[in-house]
Amino acid sequence: MLELVLVVAVLGGGAWYLSSKNSKKSKEERERQEFADAHADAQRWTERLGGQVMQISGTDAASTQAMADASERFTAANSALAQATSTKQAMLARESALEGMHYVSAARDIMGMNPGPELPPLEGQRSAGKVTEKRTIEGEDGQTLTASPYASDETPNYYPGGTVAGRPVPAGWYSRPWWADAMATGVWMMGYSMMFNAMFMGMAGVGYSGEAAAAGEVGDAGGDMGDAGADAGGDMGDAGGDMGGGDMGDGG
């Protein structure tokens, strides 16, 4: 009986080991396949973008700037793809290439060319929305910033829409690329919160209202904390008064 139990235990342990080993191997194979698929998809979009960048030149300020931005995204996608060792990194390379294709599509559209088939949306593009009316605001530096649904000599800088450093920037044409520094550093310059409010608050089609509400909640929380601090300070002041002129004074 003891020998039978030992045999069953050994066989059971061997089966568990083989099952565990096969499961681990299956997971590694699945991860390798996922990376291979993501890398191939990113490479396809990068090559497609590269072809467009080499073939198309802008004919005015807006289309020239859009193609310059597309070329920059091609360089970024190529570099990211060459260094990618994980599925996530390959997907980031694809995102850069896809963003470049959105710039190309915008350039082709304003030059009267067929923009081509509809492109897959970028991460955050749906939630950011798009500029639906022309607006001009003045920044703290005294310079004006204009946003418009259409390209013009006044608004030659295109952005395809998406989230930049935590803020949704709607797709549209702008007088200057005010998102560029935040995209490079991950931090918006001081004063841009007011500019965002002035530019996008109440504009139909943009995804800014949710963030503004969140900012309001933060402000409310700050007010609550301030009230709490004031109450605490008042209570401590009353306690100090009792100790100084009341009970402790009588005891002295």
# chains A, B, ... in the order shown; residues from 1 in each chain; ligands from 1
>>> select_by_dssp(residues="range 123-188 of chain A", states="strand (DSSP E)", output="list of chain:residue names")
A:Arg135, A:Thr136, A:Ile137, A:Glu138, A:Thr144, A:Leu145, A:Thr146, A:Ala147, A:Ser148, A:Asn157, A:Tyr158, A:Tyr159, A:Gly162, A:Thr163, A:Val164, A:Arg167, A:Pro168, A:Val169, A:Gly172, A:Trp173, A:Tyr174
>>> write_last_selection(atoms="N, CA, C and O atoms", output="mmCIF file, in the first residue's frame")
data_model
loop_
_atom_site.group_PDB
_atom_site.id
_atom_site.type_symbol
_atom_site.label_atom_id
_atom_site.label_comp_id
_atom_site.auth_asym_id
_atom_site.auth_seq_id
_atom_site.Cartn_x
_atom_site.Cartn_y
_atom_site.Cartn_z
ATOM 1 N N ARG A 135 -11.585 80.270 -32.902
ATOM 2 C CA ARG A 135 -11.468 81.092 -31.696
ATOM 3 C C ARG A 135 -10.052 81.643 -31.586
ATOM 4 O O ARG A 135 -9.089 80.963 -31.941
ATOM 5 N N THR A 136 -9.940 82.847 -31.046
ATOM 6 C CA THR A 136 -8.645 83.474 -30.808
ATOM 7 C C THR A 136 -8.590 83.955 -29.367
ATOM 8 O O THR A 136 -9.528 84.599 -28.886
ATOM 9 N N ILE A 137 -7.523 83.610 -28.674
ATOM 10 C CA ILE A 137 -7.340 84.057 -27.290
ATOM 11 C C ILE A 137 -5.956 84.689 -27.156
ATOM 12 O O ILE A 137 -5.095 84.523 -28.017
ATOM 13 N N GLU A 138 -5.768 85.425 -26.065
ATOM 14 C CA GLU A 138 -4.479 86.052 -25.809
ATOM 15 C C GLU A 138 -3.816 85.379 -24.623
ATOM 16 O O GLU A 138 -4.428 85.202 -23.564
ATOM 17 N N THR A 144 -1.172 86.033 -29.313
ATOM 18 C CA THR A 144 -2.486 85.443 -29.522
ATOM 19 C C THR A 144 -2.344 84.013 -30.035
ATOM 20 O O THR A 144 -1.346 83.653 -30.668
ATOM 21 N N LEU A 145 -3.350 83.212 -29.748
ATOM 22 C CA LEU A 145 -3.401 81.833 -30.211
ATOM 23 C C LEU A 145 -4.763 81.620 -30.850
ATOM 24 O O LEU A 145 -5.791 81.914 -30.236
ATOM 25 N N THR A 146 -4.763 81.115 -32.054
ATOM 26 C CA THR A 146 -6.001 80.887 -32.791
ATOM 27 C C THR A 146 -6.165 79.406 -33.094
ATOM 28 O O THR A 146 -5.208 78.727 -33.459
ATOM 29 N N ALA A 147 -7.376 78.909 -32.913
ATOM 30 C CA ALA A 147 -7.731 77.534 -33.280
ATOM 31 C C ALA A 147 -8.847 77.587 -34.296
ATOM 32 O O ALA A 147 -9.737 78.439 -34.214
ATOM 33 N N SER A 148 -8.812 76.682 -35.269
ATOM 34 C CA SER A 148 -9.818 76.689 -36.325
ATOM 35 C C SER A 148 -10.032 75.271 -36.847
ATOM 36 O O SER A 148 -9.118 74.441 -36.799
ATOM 37 N N ASN A 157 -0.721 75.169 -38.435
ATOM 38 C CA ASN A 157 -0.212 74.045 -37.633
ATOM 39 C C ASN A 157 -1.341 73.082 -37.295
ATOM 40 O O ASN A 157 -2.273 73.437 -36.566
ATOM 41 N N TYR A 158 -1.219 71.860 -37.805
ATOM 42 C CA TYR A 158 -2.258 70.854 -37.583
ATOM 43 C C TYR A 158 -1.904 69.969 -36.404
ATOM 44 O O TYR A 158 -0.737 69.652 -36.165
ATOM 45 N N TYR A 159 -2.941 69.563 -35.643
ATOM 46 C CA TYR A 159 -2.766 68.519 -34.629
ATOM 47 C C TYR A 159 -3.915 67.528 -34.798
ATOM 48 O O TYR A 159 -5.080 67.937 -34.874
ATOM 49 N N GLY A 162 -5.661 64.245 -29.502
ATOM 50 C CA GLY A 162 -5.157 63.243 -28.566
ATOM 51 C C GLY A 162 -4.840 63.871 -27.227
ATOM 52 O O GLY A 162 -5.067 65.068 -27.018
ATOM 53 N N THR A 163 -4.325 63.063 -26.316
ATOM 54 C CA THR A 163 -3.989 63.542 -24.977
ATOM 55 C C THR A 163 -2.501 63.860 -24.904
ATOM 56 O O THR A 163 -1.667 63.018 -25.217
ATOM 57 N N VAL A 164 -2.182 65.068 -24.499
ATOM 58 C CA VAL A 164 -0.794 65.509 -24.356
ATOM 59 C C VAL A 164 -0.564 65.901 -22.898
ATOM 60 O O VAL A 164 -1.181 66.823 -22.390
ATOM 61 N N ARG A 167 -3.695 66.327 -20.835
ATOM 62 C CA ARG A 167 -4.757 67.223 -21.312
ATOM 63 C C ARG A 167 -5.196 66.803 -22.718
ATOM 64 O O ARG A 167 -4.362 66.571 -23.579
ATOM 65 N N PRO A 168 -6.513 66.771 -22.970
ATOM 66 C CA PRO A 168 -6.990 66.445 -24.311
ATOM 67 C C PRO A 168 -6.857 67.654 -25.231
ATOM 68 O O PRO A 168 -7.405 68.718 -24.957
ATOM 69 N N VAL A 169 -6.099 67.524 -26.306
ATOM 70 C CA VAL A 169 -5.949 68.592 -27.293
ATOM 71 C C VAL A 169 -6.768 68.213 -28.517
ATOM 72 O O VAL A 169 -6.451 67.235 -29.202
ATOM 73 N N GLY A 172 -7.382 69.838 -34.910
ATOM 74 C CA GLY A 172 -7.695 71.102 -35.560
ATOM 75 C C GLY A 172 -6.443 71.796 -36.038
ATOM 76 O O GLY A 172 -5.334 71.254 -35.961
ATOM 77 N N TRP A 173 -6.622 73.004 -36.537
ATOM 78 C CA TRP A 173 -5.526 73.814 -37.061
ATOM 79 C C TRP A 173 -5.282 74.981 -36.103
ATOM 80 O O TRP A 173 -6.219 75.643 -35.664
ATOM 81 N N TYR A 174 -4.025 75.215 -35.784
ATOM 82 C CA TYR A 174 -3.668 76.220 -34.791
ATOM 83 C C TYR A 174 -2.638 77.203 -35.352
ATOM 84 O O TYR A 174 -1.867 76.873 -36.254
#
>>> residues_around(residues="range 39-42 of chain A", least_positions_apart="4", cutoff="8 Å", atoms="only C-alpha atoms", output="PyMOL selection string")
chain A and resi 35+46+81+84+87+90-91+93-95+97
>>> closest_residue(among="A:Gln89, A:Trp45, A:Phe74, A:Thr132", to="Pro120 in chain A", atoms="only C-alpha atoms")
A:Trp45
>>> residues_around(residues="Gly100 in chain A", least_positions_apart="6", cutoff="9 Å", atoms="only C-alpha atoms", output="PyMOL selection string")
chain A and resi 46+49+66-67+69-74+77
>>> write_last_selection(atoms="N, CA and C atoms", output="short mmCIF file (atom, residue, chain, number, x, y, z; two decimals), in the first residue's frame")
data_model
loop_
_atom_site.label_atom_id
_atom_site.label_comp_id
_atom_site.auth_asym_id
_atom_site.auth_seq_id
_atom_site.Cartn_x
_atom_site.Cartn_y
_atom_site.Cartn_z
N THR A 46 4.79 52.18 -40.56
CA THR A 46 6.00 53.00 -40.71
C THR A 46 6.44 53.06 -42.16
N LEU A 49 4.04 55.25 -44.08
CA LEU A 49 4.30 56.65 -43.79
C LEU A 49 5.54 57.13 -44.53
N ALA A 66 2.44 70.42 -42.17
CA ALA A 66 1.86 69.10 -41.88
C ALA A 66 2.80 67.98 -42.35
N MET A 67 3.40 68.14 -43.53
CA MET A 67 4.32 67.12 -44.03
C MET A 67 5.62 67.10 -43.23
N ASP A 69 5.75 67.71 -40.01
CA ASP A 69 5.37 66.97 -38.80
C ASP A 69 5.28 65.48 -39.10
N ALA A 70 4.77 65.13 -40.28
CA ALA A 70 4.68 63.72 -40.67
C ALA A 70 6.08 63.11 -40.77
N SER A 71 7.02 63.86 -41.33
CA SER A 71 8.39 63.39 -41.45
C SER A 71 9.02 63.17 -40.08
N GLU A 72 8.71 64.07 -39.15
CA GLU A 72 9.23 63.93 -37.78
C GLU A 72 8.69 62.67 -37.12
N ARG A 73 7.41 62.39 -37.34
CA ARG A 73 6.81 61.19 -36.75
C ARG A 73 7.37 59.93 -37.40
N PHE A 74 7.72 60.01 -38.68
CA PHE A 74 8.34 58.87 -39.36
C PHE A 74 9.69 58.55 -38.72
N ALA A 77 9.03 56.96 -35.33
CA ALA A 77 8.51 55.60 -35.46
C ALA A 77 9.62 54.64 -35.86
#
>>> select_by_dssp(residues="range 22-145 of chain A", states="helix (DSSP H, G or I)", output="PyMOL selection string")
chain A and resi 22-55+61-83+87-110+125-128
>>> atom_distance(atom1="CA of His102 in chain A", atom2="CA of Pro160 in chain A")
6.2 Å
>>> atom_distance(atom1="CA of Leu122 in chain A", atom2="CA of Glu99 in chain A")
6.8 Å
>>> atom_distance(atom1="CA of Gly191 in chain A", atom2="CA of Gly142 in chain A")
12.0 Å
>>> closest_residue(among="A:Met194, A:Met54, A:Ile110, A:Leu119", to="Ser152 in chain A", atoms="only C-alpha atoms")
A:Ile110
>>> closest_residue(among="A:Arg126, A:Arg30, A:Lys25, A:Arg108", to="Ala151 in chain A", atoms="only C-alpha atoms")
A:Arg108
